[in-house]
Amino acid sequence: MWVGASRTYWRGCWALLAVLILFAPFSARATSLHVNDPLCHAVSSRTLTDQDFSTLAFQCSGTPRGYQEESLWLRADLTDLPEHGNTVALMVRQTRTDRLAVAFVYADGAVHWDHVAQGAFGNHWRAGGQIMFEAPERSAPLTHVMLRFDGLAGHEFLNARLLPREEAAMQSATLAAAVGAALTLLLVGCIYCVSLAVAVRRDYLAWQAGWSATMLLWGAIWSQVHLALFPGLAGSVSAQLATFLACLAVALATLSAVKAVAVDAAPAPLRLTALLLGIGVGLAGVPLAMMRTGELGLLSQILGFVILADLAIVILYLAWAWRRGSVEARDFLAAWGLPMAALAFVHLVDVGHGFWGGGSQLPVLLAAAWQALWLAASATRRFARLRIERDHARAAEAQAQRLARHDPLTGLLNRRGFTDNVAPLLDAASAQAIPVALLLVDVDRFKSINDAFGHEAGDEVLCGIAACLARWEGEACTVARLGGEEFGLLVIGLDGMMLDGFAESVRRAIAECDHGAVLGEHCVTASIGVAEIYPASDFQGLYRLADAALYDAKRAGRNRVRVRRGAACADGTGAAASLAAPMGALG
């Protein structure tokens with residue numbers, strides 16, 4: 001089952017990577033709108049109405065200041081973009097604002113306003129954390145686009161794109177499919193890690209499951225998928241929560257990787273440094289998520305470098321542990337490769353409008369899904385191997401125990417196994433006052449069979465007799481080969497004439513065994529000594545009495561039964577009370 005699950009995870013990983021390879025991550029036809037180029041900006045009081053934008057003094061250079069408590073206005077001149085015509089859509093990726101209003105300005109002076117507010121995005125939200133506004137079709141050409149942000153957290157995080165309406169719809173659908181695939185794989189990985197953590201009781205798998213769950217929540221909130229169920233969370237609340245979850249995910253990932261490796265597998269200072277950096281990032285997420293004013297852009301850049309440093313320390317820690325033979329470190333190191341590459345890529349390359357508008361968050365989400373599946377699959381393979389090795393060890397141990405208690409030739413219990421089995425039976429019989437008897441069976445003149453027909457023929461004879469005696473094996477009778485040509489039967493619940501009759505039936509059955517295949521017409525018989533002590537004695541006392549009865553049978557001419565009955569002495573041994581008359585001398 002685990003091997004099949006591992007194959008499924010690997011297929012999911014390759015399918016996830018194929019999404020990025022087969023589809024172009026950048027839109028060649030999209031026009032990005034950045035502050036200062038080609039946008040002009042202005043700052044006003046929130047009390048200013050949308051229609052009064054003509055009174056503003058726009059600046060087309062410099063950086064906007066003092067807008068976080070006021071309104072930031074952005075204006076894009078579209079006179080140089082005739083190819084778009086009037087069928088354009090504006091995709092905005094910045095939801096950490098109280099209100100966003102968009103105006104499409106036409107050459108005939110017409111102005112079309114549309115807006116969204118915190119908790120009320122309506123049907124404007126799209127997967128990937130975007131808000132889409134469509135320009136109405138008019139005969140007059142579109143000349144300007146105006147954006148107004150009330151209470152914007154930081155213009156550094158703003159990303160806006162103008163593109164044809166059909167392409168906007170196509171990119172939104174593609175981005176939604178990619179986000180849906182990543183979230184689904186994260187959900188599967190989270191559930192699987194939880195089940196593994198419960199099944200094998202490993203702490204690092206629980207941390208890994210927590211990380212997967214956090215990334216799942218972050219991906220759902222960042223991409224705005226949760227607005228389908230909770231539309232009132234649109235805006236700053238979701239953006240702040242996504243910031244906190246992103247930092248928490250880094251902390252949980254660090255704890256998961258460090259906990260997976262044995263304490264002595266890497267230097268303690270390296271381990272401590274990784275833990276402090278990871279926990280520090282997680283704690284930093286709280287104030288960063290709550291901030292609405294201040295240098296958010298600068299703080300975000302600093303936090304990004306701290307995260308990269310944390311991941312680098314973790315990779316160094318895992319590499320060190322891998323060199324010391326840690327399998328878990330090897331798996332985690334391989335799993336962290338793609339996320340590290342994704343983080344380095346988004347920090348070094350500006351992908352603000354790439355990946356169908358998903359920006360840097362989408363490759364991070366896809367890398368997280370890949371990492372969750374890799375770790376789940378590698379843990380599955382590792383524990384599957386351990387389980388197979390454990391099963392083999394248990395089977396070998398069981399086989400060794402069986403060989404230690406059973407005779408390898410006949411398959412019956414040996415003396416050790418017989419002694420171990422009859423001890424509790426004797427105790428139970430003594431407590432319940434049930435009669436117990438021991439039959440010692442010794443093959444007559446067995447040495448002459450070996451001398452005349454060979455040891456292989458002698459082994460066949462012993463196996464045949466063992467198979468004959470095994471017919472009586474059950475709850476009331478335990479059969480064993482005690483050594484050489486001697487067998488033993490412990491019988492519970494038979495005494496007196498019933499016991500005598502049972503012993504005689506055993507003697508006759510042995511005499512009637514067919515050994516013609518190895519001995520021809522030669523007949524094999526056995527002498528039987530029976531010990532009956534009441535109440536039940538210990539095995540040694542019972543054996544001594546049965547051995548004396550067997551000696552009587554041999555001395556009387558073999559191929560016969562002799563019974564000795566006795567009473568249990570105060571010390572637990574049996575004392576012979578009488579010697580029964582022979583049951584017969586047949587042959």
# chains A, B, ... in the order shown; residues from 1 in each chain; ligands from 1
$ residues_around --residues "A:Ala531" --least-positions-apart "2" --cutoff "9 Å" --atoms "only C-alpha atoms" --output "ChimeraX atom specification"
/A:436-440,529,533,542-549,562-566,576
$ write_last_selection --atoms "C-alpha atoms" --output "JSON list (two decimals), in the first residue's frame"
[["chain", "number", "residue", "atom", "x", "y", "z"],
["A", 436, "VAL", "CA", -2.63, -36.76, 34.03],
["A", 437, "ALA", "CA", -0.55, -39.51, 32.46],
["A", 438, "LEU", "CA", 2.74, -39.62, 30.56],
["A", 439, "LEU", "CA", 3.43, -42.20, 27.85],
["A", 440, "LEU", "CA", 7.05, -42.85, 26.89],
["A", 529, "GLY", "CA", 5.88, -47.03, 29.57],
["A", 533, "ILE", "CA", 0.05, -40.02, 39.24],
["A", 542, "LEU", "CA", 6.09, -38.11, 36.06],
["A", 543, "TYR", "CA", 8.97, -38.78, 33.66],
["A", 544, "ARG", "CA", 10.93, -40.87, 36.17],
["A", 545, "LEU", "CA", 7.88, -43.07, 36.79],
["A", 546, "ALA", "CA", 7.19, -43.47, 33.04],
["A", 547, "ASP", "CA", 10.83, -44.29, 32.38],
["A", 548, "ALA", "CA", 10.71, -47.03, 35.00],
["A", 549, "ALA", "CA", 7.55, -48.44, 33.36],
["A", 562, "ARG", "CA", 3.59, -51.35, 31.18],
["A", 563, "VAL", "CA", 1.85, -48.98, 33.54],
["A", 564, "ARG", "CA", 3.04, -47.63, 36.85],
["A", 565, "ARG", "CA", 0.59, -45.80, 39.06],
["A", 566, "GLY", "CA", 1.60, -43.73, 42.02],
["A", 576, "ALA", "CA", 5.26, -45.99, 42.59]]
$ residues_around --residues "A:Ala213" --least-positions-apart "3" --cutoff "9 Å" --atoms "only C-alpha atoms" --output "PyMOL selection string"
chain A and resi 186-187+189-191+208-210+216-218+249
$ write_last_selection --atoms "all heavy atoms" --output "PDB file, in the first residue's frame"
ATOM      1  N   LEU A 186      -1.085  19.747  -1.540  1.00  0.00           N
ATOM      2  CA  LEU A 186      -0.743  20.081  -0.157  1.00  0.00           C
ATOM      3  C   LEU A 186      -1.712  19.434   0.824  1.00  0.00           C
ATOM      4  O   LEU A 186      -1.308  18.960   1.894  1.00  0.00           O
ATOM      5  CB  LEU A 186      -0.747  21.598   0.032  1.00  0.00           C
ATOM      6  CG  LEU A 186       0.548  22.344  -0.296  1.00  0.00           C
ATOM      7  CD1 LEU A 186       0.324  23.848  -0.228  1.00  0.00           C
ATOM      8  CD2 LEU A 186       1.674  21.937   0.638  1.00  0.00           C
ATOM      9  N   LEU A 187      -2.986  19.400   0.477  1.00  0.00           N
ATOM     10  CA  LEU A 187      -3.980  18.765   1.351  1.00  0.00           C
ATOM     11  C   LEU A 187      -3.707  17.273   1.478  1.00  0.00           C
ATOM     12  O   LEU A 187      -3.740  16.718   2.587  1.00  0.00           O
ATOM     13  CB  LEU A 187      -5.384  19.000   0.791  1.00  0.00           C
ATOM     14  CG  LEU A 187      -6.532  18.324   1.554  1.00  0.00           C
ATOM     15  CD1 LEU A 187      -6.595  18.839   2.984  1.00  0.00           C
ATOM     16  CD2 LEU A 187      -7.846  18.550   0.827  1.00  0.00           C
ATOM     17  N   GLY A 189      -0.803  15.771   0.995  1.00  0.00           N
ATOM     18  CA  GLY A 189       0.421  15.614   1.771  1.00  0.00           C
ATOM     19  C   GLY A 189       0.201  15.837   3.252  1.00  0.00           C
ATOM     20  O   GLY A 189       0.764  15.132   4.087  1.00  0.00           O
ATOM     21  N   CYS A 190      -0.640  16.805   3.603  1.00  0.00           N
ATOM     22  CA  CYS A 190      -0.928  17.089   5.014  1.00  0.00           C
ATOM     23  C   CYS A 190      -1.635  15.905   5.670  1.00  0.00           C
ATOM     24  O   CYS A 190      -1.244  15.456   6.746  1.00  0.00           O
ATOM     25  CB  CYS A 190      -1.778  18.343   5.115  1.00  0.00           C
ATOM     26  SG  CYS A 190      -2.278  18.753   6.803  1.00  0.00           S
ATOM     27  N   ILE A 191      -2.679  15.399   5.010  1.00  0.00           N
ATOM     28  CA  ILE A 191      -3.420  14.252   5.565  1.00  0.00           C
ATOM     29  C   ILE A 191      -2.501  13.050   5.703  1.00  0.00           C
ATOM     30  O   ILE A 191      -2.531  12.320   6.705  1.00  0.00           O
ATOM     31  CB  ILE A 191      -4.637  13.931   4.684  1.00  0.00           C
ATOM     32  CG1 ILE A 191      -5.638  15.101   4.718  1.00  0.00           C
ATOM     33  CG2 ILE A 191      -5.310  12.638   5.123  1.00  0.00           C
ATOM     34  CD1 ILE A 191      -6.798  14.934   3.777  1.00  0.00           C
ATOM     35  N   GLN A 208       6.017  18.322  10.293  1.00  0.00           N
ATOM     36  CA  GLN A 208       5.855  18.396   8.848  1.00  0.00           C
ATOM     37  C   GLN A 208       4.380  18.539   8.467  1.00  0.00           C
ATOM     38  O   GLN A 208       4.030  19.299   7.559  1.00  0.00           O
ATOM     39  CB  GLN A 208       6.451  17.139   8.191  1.00  0.00           C
ATOM     40  CG  GLN A 208       6.315  17.082   6.686  1.00  0.00           C
ATOM     41  CD  GLN A 208       7.104  18.170   5.988  1.00  0.00           C
ATOM     42  OE1 GLN A 208       8.068  18.681   6.545  1.00  0.00           O
ATOM     43  NE2 GLN A 208       6.712  18.517   4.779  1.00  0.00           N
ATOM     44  N   ALA A 209       3.504  17.807   9.169  1.00  0.00           N
ATOM     45  CA  ALA A 209       2.072  17.932   8.911  1.00  0.00           C
ATOM     46  C   ALA A 209       1.578  19.332   9.247  1.00  0.00           C
ATOM     47  O   ALA A 209       0.760  19.909   8.523  1.00  0.00           O
ATOM     48  CB  ALA A 209       1.306  16.885   9.719  1.00  0.00           C
ATOM     49  N   GLY A 210       2.099  19.902  10.353  1.00  0.00           N
ATOM     50  CA  GLY A 210       1.738  21.269  10.709  1.00  0.00           C
ATOM     51  C   GLY A 210       2.189  22.270   9.664  1.00  0.00           C
ATOM     52  O   GLY A 210       1.467  23.216   9.329  1.00  0.00           O
ATOM     53  N   LEU A 216      -1.001  25.158   3.335  1.00  0.00           N
ATOM     54  CA  LEU A 216      -2.315  25.004   2.701  1.00  0.00           C
ATOM     55  C   LEU A 216      -3.204  26.207   3.011  1.00  0.00           C
ATOM     56  O   LEU A 216      -3.849  26.775   2.117  1.00  0.00           O
ATOM     57  CB  LEU A 216      -2.968  23.709   3.183  1.00  0.00           C
ATOM     58  CG  LEU A 216      -4.396  23.436   2.692  1.00  0.00           C
ATOM     59  CD1 LEU A 216      -4.413  23.235   1.188  1.00  0.00           C
ATOM     60  CD2 LEU A 216      -4.968  22.207   3.391  1.00  0.00           C
ATOM     61  N   LEU A 217      -3.232  26.610   4.284  1.00  0.00           N
ATOM     62  CA  LEU A 217      -4.028  27.784   4.661  1.00  0.00           C
ATOM     63  C   LEU A 217      -3.482  29.052   4.008  1.00  0.00           C
ATOM     64  O   LEU A 217      -4.246  29.890   3.526  1.00  0.00           O
ATOM     65  CB  LEU A 217      -4.030  27.939   6.188  1.00  0.00           C
ATOM     66  CG  LEU A 217      -4.828  26.902   6.978  1.00  0.00           C
ATOM     67  CD1 LEU A 217      -4.631  27.115   8.469  1.00  0.00           C
ATOM     68  CD2 LEU A 217      -6.307  26.990   6.624  1.00  0.00           C
ATOM     69  N   TRP A 218      -2.146  29.188   4.012  1.00  0.00           N
ATOM     70  CA  TRP A 218      -1.553  30.362   3.377  1.00  0.00           C
ATOM     71  C   TRP A 218      -1.913  30.423   1.903  1.00  0.00           C
ATOM     72  O   TRP A 218      -2.298  31.484   1.387  1.00  0.00           O
ATOM     73  CB  TRP A 218      -0.039  30.342   3.539  1.00  0.00           C
ATOM     74  CG  TRP A 218       0.633  31.409   2.719  1.00  0.00           C
ATOM     75  CD1 TRP A 218       0.760  32.720   3.036  1.00  0.00           C
ATOM     76  CD2 TRP A 218       1.235  31.251   1.426  1.00  0.00           C
ATOM     77  NE1 TRP A 218       1.411  33.399   2.036  1.00  0.00           N
ATOM     78  CE2 TRP A 218       1.709  32.518   1.032  1.00  0.00           C
ATOM     79  CE3 TRP A 218       1.416  30.154   0.575  1.00  0.00           C
ATOM     80  CZ2 TRP A 218       2.358  32.710  -0.183  1.00  0.00           C
ATOM     81  CZ3 TRP A 218       2.057  30.353  -0.635  1.00  0.00           C
ATOM     82  CH2 TRP A 218       2.530  31.616  -0.998  1.00  0.00           C
ATOM     83  N   ALA A 249       4.986  29.335   8.568  1.00  0.00           N
ATOM     84  CA  ALA A 249       5.379  28.179   7.758  1.00  0.00           C
ATOM     85  C   ALA A 249       6.889  28.000   7.735  1.00  0.00           C
ATOM     86  O   ALA A 249       7.405  26.873   7.789  1.00  0.00           O
ATOM     87  CB  ALA A 249       4.840  28.329   6.338  1.00  0.00           C
TER      88      ALA A 249
END
$ residues_around --residues "stretch 512-521 of chain A" --least-positions-apart "6" --cutoff "12 Å" --atoms "only C-alpha atoms" --output "number ranges by chain"
A: 448-469, 505-506, 559, 586-587
$ write_last_selection --atoms "N, CA and C atoms" --output "short mmCIF file (atom, residue, chain, number, x, y, z; two decimals), in the first residue's frame"
data_model
loop_
_atom_site.label_atom_id
_atom_site.label_comp_id
_atom_site.auth_asym_id
_atom_site.auth_seq_id
_atom_site.Cartn_x
_atom_site.Cartn_y
_atom_site.Cartn_z
N SER A 448 19.31 -51.73 15.14
CA SER A 448 19.43 -52.76 14.11
C SER A 448 18.83 -52.30 12.79
N ILE A 449 17.80 -51.42 12.87
CA ILE A 449 17.22 -50.87 11.63
C ILE A 449 18.24 -49.98 10.94
N ASN A 450 18.92 -49.13 11.70
CA ASN A 450 19.95 -48.27 11.11
C ASN A 450 21.08 -49.09 10.52
N ASP A 451 21.47 -50.16 11.26
CA ASP A 451 22.59 -50.98 10.77
C ASP A 451 22.23 -51.73 9.50
N ALA A 452 20.98 -52.23 9.43
CA ALA A 452 20.57 -53.07 8.30
C ALA A 452 20.13 -52.25 7.09
N PHE A 453 19.46 -51.14 7.32
CA PHE A 453 18.86 -50.40 6.21
C PHE A 453 19.46 -49.00 6.01
N GLY A 454 20.27 -48.57 6.93
CA GLY A 454 20.87 -47.24 6.80
C GLY A 454 20.14 -46.18 7.62
N HIS A 455 20.88 -45.11 7.88
CA HIS A 455 20.30 -44.05 8.71
C HIS A 455 19.16 -43.31 8.02
N GLU A 456 19.21 -43.20 6.70
CA GLU A 456 18.11 -42.54 6.00
C GLU A 456 16.82 -43.33 6.17
N ALA A 457 16.92 -44.67 6.11
CA ALA A 457 15.73 -45.49 6.34
C ALA A 457 15.25 -45.33 7.77
N GLY A 458 16.21 -45.22 8.72
CA GLY A 458 15.82 -45.01 10.11
C GLY A 458 15.09 -43.69 10.29
N ASP A 459 15.56 -42.65 9.59
CA ASP A 459 14.86 -41.35 9.68
C ASP A 459 13.45 -41.46 9.12
N GLU A 460 13.27 -42.22 8.04
CA GLU A 460 11.93 -42.39 7.47
C GLU A 460 11.02 -43.11 8.46
N VAL A 461 11.57 -44.08 9.16
CA VAL A 461 10.78 -44.80 10.16
C VAL A 461 10.33 -43.85 11.27
N LEU A 462 11.26 -43.04 11.75
CA LEU A 462 10.92 -42.08 12.81
C LEU A 462 9.86 -41.09 12.35
N CYS A 463 9.97 -40.63 11.10
CA CYS A 463 8.97 -39.70 10.57
C CYS A 463 7.61 -40.37 10.46
N GLY A 464 7.60 -41.64 10.05
CA GLY A 464 6.33 -42.35 9.95
C GLY A 464 5.67 -42.53 11.31
N ILE A 465 6.48 -42.90 12.32
CA ILE A 465 5.93 -43.05 13.67
C ILE A 465 5.45 -41.70 14.21
N ALA A 466 6.23 -40.64 13.92
CA ALA A 466 5.82 -39.31 14.37
C ALA A 466 4.49 -38.92 13.76
N ALA A 467 4.30 -39.20 12.46
CA ALA A 467 3.03 -38.88 11.82
C ALA A 467 1.89 -39.69 12.43
N CYS A 468 2.18 -40.92 12.81
CA CYS A 468 1.16 -41.77 13.45
C CYS A 468 0.75 -41.19 14.81
N LEU A 469 1.76 -40.77 15.61
CA LEU A 469 1.46 -40.24 16.94
C LEU A 469 0.80 -38.86 16.87
N SER A 505 -3.86 -48.84 22.25
CA SER A 505 -4.18 -48.43 20.88
C SER A 505 -3.00 -47.73 20.23
N VAL A 506 -2.23 -47.00 21.01
CA VAL A 506 -1.03 -46.36 20.48
C VAL A 506 -0.02 -47.41 20.06
N ASN A 559 7.62 -54.56 22.68
CA ASN A 559 6.33 -54.53 21.99
C ASN A 559 5.18 -54.76 22.96
N LEU A 586 1.75 -59.04 22.16
CA LEU A 586 1.39 -59.36 20.77
C LEU A 586 2.65 -59.25 19.94
N GLY A 587 3.24 -60.33 19.55
CA GLY A 587 4.49 -60.34 18.78
C GLY A 587 5.62 -60.43 19.71
#
$ residues_around --residues "A:Ala367" --least-positions-apart "3" --cutoff "9 Å" --atoms "only C-alpha atoms" --output "PyMOL selection string"
chain A and resi 16-17+182+336+338-342+362-364+370-372
$ write_last_selection --atoms "all heavy atoms" --output "compact mmCIF listing (two decimals), in the first residue's frame"
# COMPACT_ATOMS: atom_id res chain seq x y z
N LEU A 16 3.04 18.41 -11.32
CA LEU A 16 3.12 19.78 -10.82
C LEU A 16 4.23 20.55 -11.51
O LEU A 16 4.08 21.72 -11.89
CB LEU A 16 3.35 19.74 -9.31
CG LEU A 16 3.16 21.04 -8.54
CD1 LEU A 16 1.75 21.56 -8.72
CD2 LEU A 16 3.45 20.81 -7.07
N LEU A 17 5.38 19.91 -11.70
CA LEU A 17 6.48 20.58 -12.39
C LEU A 17 6.15 20.83 -13.86
O LEU A 17 6.57 21.84 -14.44
CB LEU A 17 7.75 19.72 -12.28
CG LEU A 17 8.34 19.60 -10.88
CD1 LEU A 17 9.52 18.64 -10.91
CD2 LEU A 17 8.79 20.95 -10.36
N ALA A 182 -1.97 22.81 -6.70
CA ALA A 182 -1.01 22.90 -5.60
C ALA A 182 -1.71 22.72 -4.26
O ALA A 182 -1.21 22.00 -3.38
CB ALA A 182 -0.30 24.25 -5.64
N TRP A 336 14.30 20.15 0.12
CA TRP A 336 14.47 21.60 0.26
C TRP A 336 15.14 22.22 -0.96
O TRP A 336 15.23 23.44 -1.06
CB TRP A 336 15.29 21.92 1.51
CG TRP A 336 14.49 21.87 2.77
CD1 TRP A 336 13.78 20.83 3.25
CD2 TRP A 336 14.32 22.93 3.70
NE1 TRP A 336 13.17 21.16 4.43
CE2 TRP A 336 13.49 22.45 4.74
CE3 TRP A 336 14.78 24.23 3.79
CZ2 TRP A 336 13.12 23.21 5.83
CZ3 TRP A 336 14.42 25.00 4.89
CH2 TRP A 336 13.59 24.50 5.89
N LEU A 338 14.23 22.38 -4.26
CA LEU A 338 13.36 23.18 -5.11
C LEU A 338 12.84 24.43 -4.40
O LEU A 338 12.85 25.52 -5.00
CB LEU A 338 12.20 22.33 -5.62
CG LEU A 338 11.29 22.99 -6.64
CD1 LEU A 338 12.08 23.41 -7.87
CD2 LEU A 338 10.14 22.07 -7.04
N PRO A 339 12.37 24.36 -3.15
CA PRO A 339 11.96 25.60 -2.47
C PRO A 339 13.08 26.63 -2.38
O PRO A 339 12.84 27.83 -2.52
CB PRO A 339 11.52 25.11 -1.08
CG PRO A 339 11.09 23.71 -1.29
CD PRO A 339 12.01 23.18 -2.34
N MET A 340 14.31 26.15 -2.11
CA MET A 340 15.43 27.09 -2.06
C MET A 340 15.65 27.75 -3.41
O MET A 340 15.87 28.96 -3.51
CB MET A 340 16.70 26.36 -1.63
CG MET A 340 16.85 26.22 -0.13
SD MET A 340 17.07 27.82 0.67
CE MET A 340 18.65 28.32 -0.01
N ALA A 341 15.56 26.95 -4.48
CA ALA A 341 15.74 27.51 -5.82
C ALA A 341 14.62 28.50 -6.13
O ALA A 341 14.86 29.56 -6.73
CB ALA A 341 15.76 26.38 -6.84
N ALA A 342 13.38 28.18 -5.72
CA ALA A 342 12.26 29.08 -5.97
C ALA A 342 12.42 30.40 -5.22
O ALA A 342 12.20 31.48 -5.77
CB ALA A 342 10.95 28.39 -5.58
N LEU A 362 3.23 32.22 -6.45
CA LEU A 362 2.85 30.97 -7.11
C LEU A 362 3.99 29.96 -7.16
O LEU A 362 3.80 28.80 -6.79
CB LEU A 362 2.30 31.25 -8.51
CG LEU A 362 1.82 29.99 -9.25
CD1 LEU A 362 0.68 29.33 -8.51
CD2 LEU A 362 1.42 30.33 -10.69
N PRO A 363 5.21 30.32 -7.62
CA PRO A 363 6.29 29.32 -7.60
C PRO A 363 6.61 28.84 -6.19
O PRO A 363 6.96 27.68 -6.01
CB PRO A 363 7.47 30.05 -8.24
CG PRO A 363 7.14 31.49 -8.19
CD PRO A 363 5.66 31.57 -8.27
N VAL A 364 6.47 29.72 -5.18
CA VAL A 364 6.70 29.28 -3.81
C VAL A 364 5.64 28.26 -3.40
O VAL A 364 5.94 27.25 -2.76
CB VAL A 364 6.69 30.50 -2.85
CG1 VAL A 364 6.72 30.03 -1.40
CG2 VAL A 364 7.88 31.39 -3.14
N TRP A 370 5.42 20.52 -3.89
CA TRP A 370 6.40 19.50 -4.29
C TRP A 370 7.18 19.00 -3.08
O TRP A 370 7.44 17.81 -2.93
CB TRP A 370 7.35 20.11 -5.32
CG TRP A 370 8.37 19.17 -5.86
CD1 TRP A 370 8.23 18.32 -6.91
CD2 TRP A 370 9.69 18.97 -5.36
NE1 TRP A 370 9.38 17.61 -7.11
CE2 TRP A 370 10.30 17.98 -6.17
CE3 TRP A 370 10.43 19.51 -4.31
CZ2 TRP A 370 11.61 17.57 -5.96
CZ3 TRP A 370 11.72 19.09 -4.11
CH2 TRP A 370 12.30 18.13 -4.93
N GLN A 371 7.57 19.93 -2.18
CA GLN A 371 8.33 19.55 -1.00
C GLN A 371 7.51 18.65 -0.08
O GLN A 371 8.00 17.64 0.44
CB GLN A 371 8.77 20.79 -0.23
CG GLN A 371 9.56 20.47 1.04
CD GLN A 371 10.01 21.73 1.77
OE1 GLN A 371 9.77 22.83 1.30
NE2 GLN A 371 10.64 21.57 2.91
N ALA A 372 6.23 18.98 0.11
CA ALA A 372 5.37 18.16 0.97
C ALA A 372 5.23 16.75 0.42
O ALA A 372 5.30 15.76 1.16
CB ALA A 372 4.00 18.81 1.11
$ select_by_dssp --residues "stretch 281-503 of chain A" --states "helix (DSSP H, G or I)" --output "ChimeraX atom specification"
/A:281-290,296-323,327-348,355-357,361-405,415-432,446-453,455-472,496-503
$ closest_residue --among "A:Met170, A:Arg416, A:Leu229, A:Val479" --to "A:Arg402" --atoms "only C-alpha atoms"
A:Arg416
$ residues_around --residues "A:Lys554" --least-positions-apart "3" --cutoff "12 Å" --atoms "only C-alpha atoms" --output "PyMOL selection string"
chain A and resi 440-445+525-529+547-551+557-562+582+585
$ atom_distance --atom1 "atom CA of A:Val306" --atom2 "atom CA of A:Arg202"
28.6 Å
$ atom_distance --atom1 "atom CA of A:Ala76" --atom2 "atom CA of A:Ala120"
25.1 Å
$ closest_residue --among "A:Cys40, A:Ala503, A:Val281, A:Val88" --to "A:Trp73" --atoms "only C-alpha atoms"
A:Cys40
$ residues_around --residues "A:Leu403" --least-positions-apart "6" --cutoff "12 Å" --atoms "only C-alpha atoms" --output "list in words"
Ala396, Glu397, Leu409, Thr410, Gly411, Leu412, Leu413, Asn414, Arg415, Arg416 and Gly417 of chain A
$ write_last_selection --atoms "N, CA and C atoms" --output "compact mmCIF listing (two decimals), in the first residue's frame"
# COMPACT_ATOMS: atom_id res chain seq x y z
N ALA A 396 12.27 -14.30 11.20
CA ALA A 396 13.47 -15.06 11.54
C ALA A 396 13.47 -15.44 13.01
N GLU A 397 13.03 -14.50 13.86
CA GLU A 397 12.96 -14.79 15.29
C GLU A 397 11.95 -15.89 15.59
N LEU A 409 13.55 -32.98 12.33
CA LEU A 409 13.27 -34.14 11.50
C LEU A 409 11.79 -34.44 11.40
N THR A 410 11.13 -34.54 12.53
CA THR A 410 9.72 -34.98 12.55
C THR A 410 8.73 -33.83 12.62
N GLY A 411 9.19 -32.66 13.03
CA GLY A 411 8.28 -31.54 13.18
C GLY A 411 7.54 -31.52 14.50
N LEU A 412 7.71 -32.55 15.32
CA LEU A 412 7.07 -32.57 16.63
C LEU A 412 7.85 -31.69 17.61
N LEU A 413 7.24 -31.41 18.75
CA LEU A 413 7.96 -30.71 19.79
C LEU A 413 9.19 -31.50 20.21
N ASN A 414 10.27 -30.80 20.54
CA ASN A 414 11.42 -31.50 21.11
C ASN A 414 11.28 -31.50 22.64
N ARG A 415 12.31 -31.99 23.31
CA ARG A 415 12.20 -32.11 24.77
C ARG A 415 11.96 -30.73 25.43
N ARG A 416 12.68 -29.72 24.95
CA ARG A 416 12.50 -28.39 25.54
C ARG A 416 11.07 -27.87 25.32
N GLY A 417 10.60 -27.98 24.06
CA GLY A 417 9.25 -27.52 23.78
C GLY A 417 8.20 -28.33 24.52
$ atom_distance --atom1 "atom CA of A:Ile434" --atom2 "atom CA of A:Gly488"
19.3 Å
$ closest_residue --among "A:Ala400, A:Val188, A:Ala153, A:Leu252" --to "A:Leu276" --atoms "only C-alpha atoms"
A:Leu252
$ closest_residue --among "A:Asp500, A:Asp427, A:Glu137, A:Glu167" --to "A:Ala110" --atoms "only C-alpha atoms"
A:Glu137
$ select_by_dssp --residues "stretch 58-180 of chain A" --states "strand (DSSP E or B)" --output "JSON, numbers by chain"
{"A": [59, 71, 72, 73, 74, 75, 76, 77, 88, 89, 90, 91, 92, 99, 100, 101, 102, 103, 104, 105, 106, 111, 112, 113, 114, 115, 116, 117, 120, 125, 126, 130, 131, 132, 133, 134, 142, 143, 144, 145, 146, 147, 148, 149, 150, 160, 161, 162, 163, 164]}
$ residues_around --residues "stretch 231-234 of chain A" --least-positions-apart "2" --cutoff "12 Å" --atoms "only C-alpha atoms" --output "PyMOL selection string"
chain A and resi 94-99+116-126+129-131+221-229+236-242
